[in-house]
Every structure is written in structure tokens, then in C-alpha cells.
file my_file31.pdb (PDB, C-alpha atoms, pLDDT in the B column)
ATOM      1  CA  MET I   1      99.400 125.911 117.522  1.00 96.00           C
ATOM      2  CA  ILE I   2      99.678 125.158 113.820  1.00 97.00           C
ATOM      3  CA  PHE I   3      98.363 121.964 112.184  1.00 97.00           C
ATOM      4  CA  ASP I   4      99.391 120.794 108.728  1.00 98.00           C
ATOM      5  CA  PRO I   5      96.537 118.744 107.191  1.00 97.00           C
ATOM      6  CA  GLU I   6      98.975 117.217 104.699  1.00 96.00           C
ATOM      7  CA  THR I   7     100.608 115.338 107.572  1.00 97.00           C
ATOM      8  CA  MET I   8      97.343 114.314 109.285  1.00 97.00           C
ATOM      9  CA  ASP I   9      95.004 111.407 108.681  1.00 95.00           C
ATOM     10  CA  ALA I  10      91.300 111.821 107.926  1.00 93.00           C
ATOM     11  CA  ALA I  11      90.191 111.331 111.541  1.00 91.00           C
ATOM     12  CA  ALA I  12      92.538 114.030 112.816  1.00 94.00           C
ATOM     13  CA  CYS I  13      91.410 116.488 110.144  1.00 96.00           C
ATOM     14  CA  TYR I  14      87.794 115.670 110.925  1.00 94.00           C
ATOM     15  CA  LYS I  15      88.235 116.391 114.637  1.00 94.00           C
ATOM     16  CA  LEU I  16      89.675 119.826 113.867  1.00 96.00           C
ATOM     17  CA  LEU I  17      86.841 120.617 111.461  1.00 97.00           C
ATOM     18  CA  ILE I  18      84.013 119.557 113.765  1.00 96.00           C
ATOM     19  CA  GLY I  19      85.612 121.237 116.778  1.00 95.00           C
ATOM     20  CA  SER I  20      86.080 124.524 114.934  1.00 97.00           C
ATOM     21  CA  ILE I  21      83.023 124.880 112.698  1.00 97.00           C
ATOM     22  CA  VAL I  22      80.409 125.194 115.430  1.00 96.00           C
ATOM     23  CA  PRO I  23      77.552 125.228 116.007  1.00 96.00           C
ATOM     24  CA  ARG I  24      76.440 123.319 112.926  1.00 97.00           C
ATOM     25  CA  ALA I  25      72.822 122.993 111.912  1.00 97.00           C
ATOM     26  CA  ILE I  26      71.531 119.422 111.861  1.00 98.00           C
ATOM     27  CA  GLY I  27      69.770 118.107 108.774  1.00 98.00           C
ATOM     28  CA  TRP I  28      67.697 115.124 109.897  1.00 98.00           C
ATOM     29  CA  ALA I  29      67.238 113.390 106.568  1.00 98.00           C
ATOM     30  CA  SER I  30      64.438 110.982 105.750  1.00 98.00           C
ATOM     31  CA  THR I  31      64.568 108.832 102.635  1.00 98.00           C
ATOM     32  CA  LEU I  32      62.953 105.752 101.112  1.00 98.00           C
ATOM     33  CA  SER I  33      64.884 102.859  99.670  1.00 98.00           C
ATOM     34  CA  ALA I  34      64.075 101.484  96.235  1.00 97.00           C
ATOM     35  CA  ASP I  35      62.197  98.735  98.113  1.00 96.00           C
ATOM     36  CA  GLY I  36      60.167 101.254 100.115  1.00 97.00           C
ATOM     37  CA  VAL I  37      61.991 101.004 103.459  1.00 98.00           C
ATOM     38  CA  ALA I  38      62.073 104.288 105.394  1.00 98.00           C
ATOM     39  CA  ASN I  39      65.437 105.603 106.566  1.00 98.00           C
ATOM     40  CA  LEU I  40      66.171 108.410 109.018  1.00 98.00           C
ATOM     41  CA  ALA I  41      69.607 109.833 109.869  1.00 98.00           C
ATOM     42  CA  PRO I  42      71.113 113.122 111.106  1.00 98.00           C
ATOM     43  CA  PHE I  43      73.870 115.048 109.329  1.00 98.00           C
ATOM     44  CA  SER I  44      75.681 118.116 110.623  1.00 97.00           C
ATOM     45  CA  PHE I  45      77.550 118.792 107.390  1.00 97.00           C
ATOM     46  CA  PHE I  46      74.334 120.474 106.238  1.00 98.00           C
ATOM     47  CA  THR I  47      73.647 123.925 104.855  1.00 98.00           C
ATOM     48  CA  ALA I  48      71.804 126.033 102.282  1.00 98.00           C
ATOM     49  CA  VAL I  49      73.617 126.360  98.957  1.00 98.00           C
ATOM     50  CA  SER I  50      71.221 128.285  96.694  1.00 98.00           C
ATOM     51  CA  ARG I  51      68.443 130.837  97.194  1.00 98.00           C
ATOM     52  CA  LYS I  52      66.423 130.595  93.963  1.00 98.00           C
ATOM     53  CA  PRO I  53      65.677 127.843  93.402  1.00 98.00           C
ATOM     54  CA  PRO I  54      66.235 127.027  97.078  1.00 98.00           C
ATOM     55  CA  MET I  55      68.762 124.238  97.521  1.00 98.00           C
ATOM     56  CA  VAL I  56      70.329 122.526 100.503  1.00 98.00           C
ATOM     57  CA  SER I  57      73.219 120.127 100.828  1.00 98.00           C
ATOM     58  CA  LEU I  58      74.247 117.172 102.967  1.00 98.00           C
ATOM     59  CA  THR I  59      77.799 115.850 103.029  1.00 98.00           C
ATOM     60  CA  ILE I  60      77.704 112.116 103.684  1.00 97.00           C
ATOM     61  CA  GLN I  61      80.642 109.920 104.560  1.00 96.00           C
ATOM     62  CA  PRO I  62      80.739 106.114 104.340  1.00 95.00           C
ATOM     63  CA  ARG I  63      79.609 103.803 107.116  1.00 93.00           C
ATOM     64  CA  SER I  64      82.063 103.073 109.924  1.00 88.00           C
ATOM     65  CA  ASP I  65      83.497 100.096 108.007  1.00 89.00           C
ATOM     66  CA  ARG I  66      84.737 102.678 105.454  1.00 88.00           C
ATOM     67  CA  ARG I  67      83.413 100.521 102.610  1.00 89.00           C
ATOM     68  CA  ARG I  68      79.630 100.612 102.474  1.00 94.00           C
ATOM     69  CA  LEU I  69      77.718 103.747 101.601  1.00 96.00           C
ATOM     70  CA  LYS I  70      75.224 105.140 104.116  1.00 96.00           C
ATOM     71  CA  ASP I  71      71.579 104.387 103.415  1.00 97.00           C
ATOM     72  CA  THR I  72      70.698 108.069 103.002  1.00 98.00           C
ATOM     73  CA  LEU I  73      73.118 108.384 100.084  1.00 98.00           C
ATOM     74  CA  VAL I  74      72.070 105.091  98.511  1.00 98.00           C
ATOM     75  CA  ASN I  75      68.385 105.968  98.787  1.00 98.00           C
ATOM     76  CA  ALA I  76      68.715 109.538  97.510  1.00 98.00           C
ATOM     77  CA  GLN I  77      70.687 108.275  94.541  1.00 98.00           C
ATOM     78  CA  ALA I  78      68.183 105.503  93.801  1.00 98.00           C
ATOM     79  CA  THR I  79      64.966 107.508  94.187  1.00 98.00           C
ATOM     80  CA  GLY I  80      66.022 111.115  93.615  1.00 98.00           C
ATOM     81  CA  GLU I  81      64.149 112.343  96.697  1.00 98.00           C
ATOM     82  CA  PHE I  82      64.694 113.125 100.378  1.00 98.00           C
ATOM     83  CA  VAL I  83      63.312 115.289 103.170  1.00 98.00           C
ATOM     84  CA  VAL I  84      65.406 117.387 105.552  1.00 98.00           C
ATOM     85  CA  ASN I  85      63.866 117.937 108.975  1.00 98.00           C
ATOM     86  CA  ILE I  86      65.093 120.572 111.443  1.00 98.00           C
ATOM     87  CA  VAL I  87      65.628 119.466 115.042  1.00 97.00           C
ATOM     88  CA  SER I  88      64.471 121.227 118.197  1.00 96.00           C
ATOM     89  CA  LEU I  89      64.843 119.929 121.749  1.00 95.00           C
ATOM     90  CA  PRO I  90      61.760 117.632 121.775  1.00 96.00           C
ATOM     91  CA  GLN I  91      63.242 115.681 118.834  1.00 96.00           C
ATOM     92  CA  ALA I  92      66.819 115.529 120.179  1.00 97.00           C
ATOM     93  CA  ASN I  93      66.789 112.061 121.743  1.00 96.00           C
ATOM     94  CA  ALA I  94      65.143 110.396 118.763  1.00 97.00           C
ATOM     95  CA  MET I  95      67.441 112.239 116.359  1.00 97.00           C
ATOM     96  CA  HIS I  96      70.475 111.036 118.292  1.00 95.00           C
ATOM     97  CA  ALA I  97      69.166 107.464 118.414  1.00 96.00           C
ATOM     98  CA  SER I  98      68.777 107.482 114.628  1.00 97.00           C
ATOM     99  CA  SER I  99      72.524 108.010 114.202  1.00 94.00           C
ATOM    100  CA  VAL I 100      73.037 104.312 114.995  1.00 93.00           C
ATOM    101  CA  GLU I 101      74.012 102.338 111.900  1.00 93.00           C
ATOM    102  CA  PHE I 102      70.939 100.189 111.287  1.00 95.00           C
ATOM    103  CA  GLU I 103      70.875  97.671 108.468  1.00 95.00           C
ATOM    104  CA  PRO I 104      69.176  98.832 105.246  1.00 95.00           C
ATOM    105  CA  GLU I 105      66.093  96.647 105.796  1.00 97.00           C
ATOM    106  CA  VAL I 106      65.245  98.377 109.106  1.00 97.00           C
ATOM    107  CA  ASP I 107      62.589 101.103 109.142  1.00 98.00           C
ATOM    108  CA  GLU I 108      64.401 103.668 111.274  1.00 97.00           C
ATOM    109  CA  PHE I 109      61.273 105.679 112.046  1.00 98.00           C
ATOM    110  CA  GLU I 110      59.928 102.579 113.774  1.00 98.00           C
ATOM    111  CA  ALA I 111      63.290 101.674 115.313  1.00 97.00           C
ATOM    112  CA  VAL I 112      63.627 104.982 117.160  1.00 97.00           C
ATOM    113  CA  GLY I 113      59.942 105.601 117.781  1.00 97.00           C
ATOM    114  CA  VAL I 114      59.373 108.540 115.429  1.00 98.00           C
ATOM    115  CA  SER I 115      55.954 109.118 113.847  1.00 98.00           C
ATOM    116  CA  LYS I 116      55.697 109.765 110.125  1.00 98.00           C
ATOM    117  CA  ALA I 117      53.893 112.659 108.476  1.00 98.00           C
ATOM    118  CA  PRO I 118      53.046 112.553 104.761  1.00 98.00           C
ATOM    119  CA  SER I 119      54.951 114.767 102.379  1.00 98.00           C
ATOM    120  CA  HIS I 120      53.140 116.708  99.644  1.00 98.00           C
ATOM    121  CA  LEU I 121      55.395 116.297  96.600  1.00 98.00           C
ATOM    122  CA  VAL I 122      57.912 113.551  97.405  1.00 98.00           C
ATOM    123  CA  LYS I 123      57.492 110.001  98.669  1.00 98.00           C
ATOM    124  CA  PRO I 124      59.734 109.994 101.783  1.00 98.00           C
ATOM    125  CA  SER I 125      57.844 110.866 104.958  1.00 98.00           C
ATOM    126  CA  ARG I 126      58.486 113.902 107.084  1.00 98.00           C
ATOM    127  CA  VAL I 127      59.181 113.690 110.808  1.00 98.00           C
ATOM    128  CA  ALA I 128      55.881 114.364 112.562  1.00 98.00           C
ATOM    129  CA  GLY I 129      56.323 117.269 114.954  1.00 96.00           C
ATOM    130  CA  ALA I 130      59.489 118.620 113.340  1.00 98.00           C
ATOM    131  CA  PRO I 131      59.370 122.424 113.453  1.00 98.00           C
ATOM    132  CA  VAL I 132      60.509 122.729 109.833  1.00 98.00           C
ATOM    133  CA  SER I 133      60.751 120.156 107.051  1.00 98.00           C
ATOM    134  CA  MET I 134      61.988 120.600 103.499  1.00 98.00           C
ATOM    135  CA  GLU I 135      60.930 118.239 100.745  1.00 98.00           C
ATOM    136  CA  CYS I 136      63.782 117.878  98.258  1.00 98.00           C
ATOM    137  CA  ARG I 137      64.388 116.458  94.817  1.00 98.00           C
ATOM    138  CA  LEU I 138      67.936 115.422  94.056  1.00 98.00           C
ATOM    139  CA  GLU I 139      69.886 118.000  92.079  1.00 98.00           C
ATOM    140  CA  ARG I 140      73.274 116.300  92.002  1.00 98.00           C
ATOM    141  CA  ILE I 141      75.737 114.153  93.929  1.00 98.00           C
ATOM    142  CA  VAL I 142      79.391 115.190  93.929  1.00 98.00           C
ATOM    143  CA  PRO I 143      82.120 112.798  95.166  1.00 98.00           C
ATOM    144  CA  LEU I 144      84.679 114.706  97.236  1.00 97.00           C
ATOM    145  CA  GLY I 145      88.075 114.063  98.772  1.00 96.00           C
ATOM    146  CA  GLU I 146      90.109 110.920  99.300  1.00 95.00           C
ATOM    147  CA  VAL I 147      87.999 108.981 101.823  1.00 95.00           C
ATOM    148  CA  GLY I 148      84.635 108.516 100.138  1.00 96.00           C
ATOM    149  CA  ASP I 149      82.688 111.666 101.085  1.00 97.00           C
ATOM    150  CA  HIS I 150      79.760 112.705  98.877  1.00 98.00           C
ATOM    151  CA  LEU I 151      78.066 116.090  98.617  1.00 98.00           C
ATOM    152  CA  VAL I 152      74.326 115.614  98.072  1.00 98.00           C
ATOM    153  CA  ILE I 153      72.491 118.688  96.780  1.00 98.00           C
ATOM    154  CA  GLY I 154      68.722 118.813  96.781  1.00 98.00           C
ATOM    155  CA  ARG I 155      66.268 121.324  95.376  1.00 98.00           C
ATOM    156  CA  VAL I 156      63.644 122.242  97.945  1.00 98.00           C
ATOM    157  CA  VAL I 157      60.239 121.783  96.334  1.00 98.00           C
ATOM    158  CA  CYS I 158      58.108 122.273  99.455  1.00 98.00           C
ATOM    159  CA  PHE I 159      58.638 123.879 102.856  1.00 98.00           C
ATOM    160  CA  HIS I 160      56.659 122.831 105.925  1.00 98.00           C
ATOM    161  CA  VAL I 161      56.828 125.315 108.826  1.00 98.00           C
ATOM    162  CA  ALA I 162      54.921 124.739 112.052  1.00 97.00           C
ATOM    163  CA  ASP I 163      52.066 127.200 112.435  1.00 96.00           C
ATOM    164  CA  ALA I 164      53.518 128.494 115.704  1.00 96.00           C
ATOM    165  CA  LEU I 165      56.738 129.439 113.893  1.00 97.00           C
ATOM    166  CA  ALA I 166      55.377 130.896 110.653  1.00 97.00           C
ATOM    167  CA  LEU I 167      55.236 134.692 110.796  1.00 96.00           C
ATOM    168  CA  GLU I 168      52.945 136.742 108.579  1.00 88.00           C
ATOM    169  CA  ASP I 169      55.734 138.268 106.499  1.00 88.00           C
ATOM    170  CA  GLY I 170      57.182 134.877 105.515  1.00 88.00           C
ATOM    171  CA  ARG I 171      59.828 134.728 108.209  1.00 95.00           C
ATOM    172  CA  VAL I 172      60.404 131.924 110.705  1.00 97.00           C
ATOM    173  CA  ASP I 173      60.218 132.765 114.404  1.00 96.00           C
ATOM    174  CA  THR I 174      63.696 131.485 115.244  1.00 94.00           C
ATOM    175  CA  ALA I 175      63.413 132.513 118.891  1.00 94.00           C
ATOM    176  CA  GLU I 176      60.495 130.109 119.228  1.00 95.00           C
ATOM    177  CA  LEU I 177      62.251 127.437 117.144  1.00 94.00           C
ATOM    178  CA  ARG I 178      65.169 127.054 119.583  1.00 92.00           C
ATOM    179  CA  PRO I 179      67.099 124.708 117.259  1.00 95.00           C
ATOM    180  CA  VAL I 180      69.486 121.991 118.383  1.00 97.00           C
ATOM    181  CA  GLY I 181      72.901 122.201 116.730  1.00 97.00           C
ATOM    182  CA  ARG I 182      76.044 120.096 116.664  1.00 96.00           C
ATOM    183  CA  LEU I 183      79.360 120.836 118.346  1.00 95.00           C
ATOM    184  CA  ALA I 184      82.341 118.472 117.984  1.00 92.00           C
ATOM    185  CA  GLY I 185      80.660 115.334 119.292  1.00 88.00           C
ATOM    186  CA  GLU I 186      77.900 116.838 121.389  1.00 92.00           C
ATOM    187  CA  TYR I 187      74.893 119.067 120.898  1.00 95.00           C
ATOM    188  CA  VAL I 188      73.997 122.646 121.707  1.00 96.00           C
ATOM    189  CA  LEU I 189      70.630 124.268 122.327  1.00 95.00           C
ATOM    190  CA  SER I 190      70.336 127.748 120.825  1.00 92.00           C
ATOM    191  CA  GLU I 191      68.673 129.907 123.468  1.00 90.00           C
ATOM    192  CA  ASN I 192      70.446 133.290 123.430  1.00 90.00           C
ATOM    193  CA  ILE I 193      69.980 135.943 120.761  1.00 92.00           C
ATOM    194  CA  PHE I 194      71.815 139.234 120.271  1.00 93.00           C
ATOM    195  CA  ALA I 195      72.482 141.917 117.689  1.00 94.00           C
ATOM    196  CA  CYS I 196      75.757 143.784 117.407  1.00 97.00           C
ATOM    197  CA  PRO I 197      77.200 145.884 118.874  1.00 97.00           C
ATOM    198  CA  VAL I 198      77.185 143.869 122.104  1.00 95.00           C
ATOM    199  CA  ASN I 199      77.021 145.926 125.289  1.00 95.00           C
ATOM    200  CA  ASP I 200      80.403 146.160 127.075  1.00 96.00           C
ATOM    201  CA  GLU I 201      78.832 145.012 130.331  1.00 95.00           C
ATOM    202  CA  VAL I 202      77.660 141.813 128.649  1.00 94.00           C
ATOM    203  CA  LEU I 203      81.126 141.182 127.190  1.00 95.00           C
ATOM    204  CA  GLN I 204      82.779 141.696 130.567  1.00 95.00           C
ATOM    205  CA  ALA I 205      80.269 139.550 132.434  1.00 94.00           C
ATOM    206  CA  ARG I 206      80.824 136.640 130.045  1.00 93.00           C
ATOM    207  CA  ALA I 207      84.589 136.953 129.650  1.00 94.00           C
ATOM    208  CA  GLY I 208      86.245 133.596 130.308  1.00 91.00           C
ATOM    209  CA  SER I 209      82.970 131.737 130.794  1.00 90.00           C
ATOM    210  CA  ARG I 210      82.326 128.263 129.363  1.00 89.00           C
ATOM    211  CA  MET I 211      79.182 126.788 127.905  1.00 87.00           C
ATOM    212  CA  ARG I 212      76.872 125.389 130.580  1.00 88.00           C
ATOM    213  CA  ARG I 213      76.089 121.683 130.297  1.00 90.00           C
ATOM    214  CA  LEU I 214      72.471 120.536 130.400  1.00 89.00           C
ATOM    215  CA  ASP I 215      73.457 116.976 131.347  1.00 89.00           C
ATOM    216  CA  ASP I 216      75.447 115.559 134.270  1.00 88.00           C
ATOM    217  CA  ARG I 217      78.702 115.018 132.358  1.00 88.00           C
ATOM    218  CA  ASP I 218      82.002 116.472 133.494  1.00 86.00           C
ATOM    219  CA  ALA I 219      82.577 119.939 132.078  1.00 80.00           C
ATOM    220  CA  ARG I 220      85.451 118.721 129.873  1.00 82.00           C
ATOM    221  CA  TRP I 221      83.989 115.372 128.771  1.00 85.00           C
ATOM    222  CA  SER I 222      83.612 114.702 125.043  1.00 84.00           C
ATOM    223  CA  PRO I 223      82.477 111.661 123.042  1.00 84.00           C
ATOM    224  CA  LEU I 224      85.664 112.063 121.005  1.00 83.00           C
ATOM    225  CA  ILE I 225      87.721 110.706 123.918  1.00 80.00           C
ATOM    226  CA  GLU I 226      85.770 107.434 124.001  1.00 81.00           C
ATOM    227  CA  LYS I 227      87.664 104.527 122.464  1.00 73.00           C
ATOM    228  CA  ASN I 228      84.654 103.427 120.399  1.00 73.00           C
ATOM    229  CA  TRP I 229      84.032 106.867 118.930  1.00 73.00           C
ATOM    230  CA  SER I 230      83.635 106.844 115.155  1.00 69.00           C
ATOM    231  CA  ALA I 231      83.549 109.725 112.736  1.00 64.00           C
ATOM    232  CA  ALA I 232      80.668 107.909 111.026  1.00 60.00           C
ATOM    233  CA  GLY I 233      78.500 108.556 114.085  1.00 59.00           C
ATOM    234  CA  ASP I 234      76.896 106.216 116.594  1.00 56.00           C
ATOM    235  CA  GLY I 235      73.990 107.108 118.855  1.00 52.00           C
ATOM    236  CA  ARG I 236      75.208 104.762 121.557  1.00 52.00           C
ATOM    237  CA  LEU I 237      78.284 106.805 122.451  1.00 46.00           C
ATOM    238  CA  SER I 238      76.848 110.017 123.879  1.00 45.00           C
TER
END

call {"tool": "encode", "arguments": {"input": "my_file31.pdb", "output": "C-alpha cells"}}
result
Amino acid sequence: MIFDPETMDAAACYKLLIGSIVPRAIGWASTLSADGVANLAPFSFFTAVSRKPPMVSLTIQPRSDRRRLKDTLVNAQATGEFVVNIVSLPQANAMHASSVEFEPEVDEFEAVGVSKAPSHLVKPSRVAGAPVSMECRLERIVPLGEVGDHLVIGRVVCFHVADALALEDGRVDTAELRPVGRLAGEYVLSENIFACPVNDEVLQARAGSRMRRLDDRDARWSPLIEKNWSAAGDGRLS
């Protein structure tokens, strides 16, 4: 089937993107407002964009009203700092709860029951217990597209890696990390590792198989079919 994005609205294009580019790493971003209020929100349009100096990016869309900017963007622009926390299974529920659109005056760490850990070089707190956190200083913000998206690029000025994950040669023990990623509207737990070439017996044994759900939802359920689903995200829907 062929889709022409020129004939599709933003929501339809978004559904194709998030259903195709999977799994996506989740950047759980913590910021401080100009008034000192802590904000916490997850973003799956998140990736590394530079090696030296190390830089990461978040792509942030407007709130669900399509007018107001999300607090993460407002705060990063106002203060020039943010922290990106990586999510593993113990943080999944709190991460999901923080996708709710709280008002700017709400401390979202407190709202979702997440403990704060002090950062070393920036003012926003880290998520206590996060396996990896990256303290960032704002490099630039680039407006993109026709519907108010913004690319936020930050320079990583300090890495925090849990002792259990930090290997002697500077690598991260990703098998121990077991990160949570984003699918279209749901999440995925990374538990299987392989190197190519894959054994033919493995390919044959898994031919035609589907991902196994860890919850009690129907195998073909998706948050995207719910009438209240919003591309801006809402932790109450899934």
C-alpha cells in the first residue's frame, strides 16, 4: 500500500511514522522553569546527533490544544538546561504517568512520585534510580514543519551511569540495562540480543510470530484506536 503524505493530515502522517520507526528510545526529560518548578516528561523522538562534543536531541510538539508549547520546550529555552534520563522497566509506570499534561506550576516529580537526584553541572534534577542520565546544556532550538514541532539539541556535559551498568572499558552493559522503548502508542521491553548472521533455525522458529504482550490487553489492541488518543501524549490512555 502506498501513502502520499501530501494528501494526509498531520495526525495520519504521525501514525505512520510512529508505527514504522520502532522501537524508539525514550528520552525522559527533566527541566526547571524560570520560577524553579520541576518538570518531567517523556519523548520518543529522541536520539544522539553528535559524538564529539556529545549531543542529543528531542523533538517536541505543542500541547494537545495545538497552541501552547510544552513545558519542556519552554523551560529549556528559558534556562538553557535539561537532563535526559533513560528508562528501564522499574521506571516505566512513573514515566508513563508523567506524559499527562500537567499545568506549568505543578512539580511533576512530586505529581508522579519520582524522587530527585542532584545533577553535577546543571540545575534540573536527575531521576533518582534512572540507569543513565545525561546533563545537557542547550545548543540550539530549530522550528520544524507546519504544525509547531521544535527540534531541541543539547550538549551533554555530564553522563551518569549506574555502577552496575558501567563497564571498565567505558562501555554500558546494555544487556543489564534492559531499556524500555516506544512502539506506536505502546512500549516494548528490550530483552533479546543477537549478532548477525542469525542462525537459520532461529529464523524459521520465529517466522510469522508476533510480539508477546506483557499485559492483559488483546493482541491487536492499540491506544491509537481510542477516541481520546492524542498525538501530544496522555498517560491516562494506555

call {"tool": "residues_around", "arguments": {"input": "my_file31.pdb", "residues": "Tyr14 (chain I)", "least_positions_apart": "3", "cutoff": "12 Å", "atoms": "only C-alpha atoms", "output": "list in words"}}
result
Pro5, Met8, Asp9, Ala10, Ala11, Leu17, Ile18, Gly19, Ser20, Ile21, Phe45, Gln61, Val147, Asp149, Ala184, Gly185, Leu224, Ser230, Ala231 and Ala232 of chain I

call {"tool": "residues_around", "arguments": {"input": "my_file31.pdb", "residues": "region 128-140 of chain I", "least_positions_apart": "6", "cutoff": "7 Å", "atoms": "only C-alpha atoms", "output": "list in words"}}
result
Ala76, Gly80, Glu81, Phe82, Val83, Val84, Asn85, Ile86, Val87, Ser115, Lys116, Ala117, Val122, Val152, Ile153, Gly154, Arg155, Val156, Val157, Cys158, Phe159, His160, Val161, Ala162 and Leu177 of chain I

call {"tool": "atom_distance", "arguments": {"input": "my_file31.pdb", "atom1": "CA of Ala164 (chain I)", "atom2": "CA of Glu176 (chain I)"}}
result
8.0 Å

call {"tool": "atom_distance", "arguments": {"input": "my_file31.pdb", "atom1": "CA of Met1 (chain I)", "atom2": "CA of Leu189 (chain I)"}}
result
29.2 Å

call {"tool": "closest_residue", "arguments": {"input": "my_file31.pdb", "among": "I:Pro62, I:Pro23, I:Pro124, I:Pro54", "to": "Ala38 (chain I)", "atoms": "only C-alpha atoms"}}
result
I:Pro124

call {"tool": "closest_residue", "arguments": {"input": "my_file31.pdb", "among": "I:Glu6, I:Leu151, I:Leu121, I:Ala111", "to": "Val49 (chain I)", "atoms": "all atoms listed in the file"}}
result
I:Leu151

call {"tool": "atom_distance", "arguments": {"input": "my_file31.pdb", "atom1": "CA of Gln204 (chain I)", "atom2": "CA of Thr174 (chain I)"}}
result
26.5 Å

call {"tool": "resolve_selection", "arguments": {"input": "my_file31.pdb", "expression": "the PyMOL selection byres ((chain I and resi 105) around 10)", "output": "list in words"}}
result
Ser33, Asp35, Gly36, Val37, Ala38, Asn39, Asp71, Phe102, Glu103, Pro104, Val106, Asp107 and Glu108 of chain I

call {"tool": "residues_around", "arguments": {"input": "my_file31.pdb", "residues": "His96 (chain I)", "least_positions_apart": "5", "cutoff": "12 Å", "atoms": "all atoms listed in the file", "output": "ChimeraX atom specification"}}
result
/I:26-28,40-44,87-91,101,108,112-114,180-182,185-187,233-238

call {"tool": "closest_residue", "arguments": {"input": "my_file31.pdb", "among": "I:Ala207, I:Ile60, I:Ala12, I:Ile193", "to": "Gly145 (chain I)", "atoms": "all atoms listed in the file"}}
result
I:Ile60

call {"tool": "closest_residue", "arguments": {"input": "my_file31.pdb", "among": "I:Ala34, I:Ala92, I:Ala97, I:Val142", "to": "Leu58 (chain I)", "atoms": "all atoms listed in the file"}}
result
I:Val142
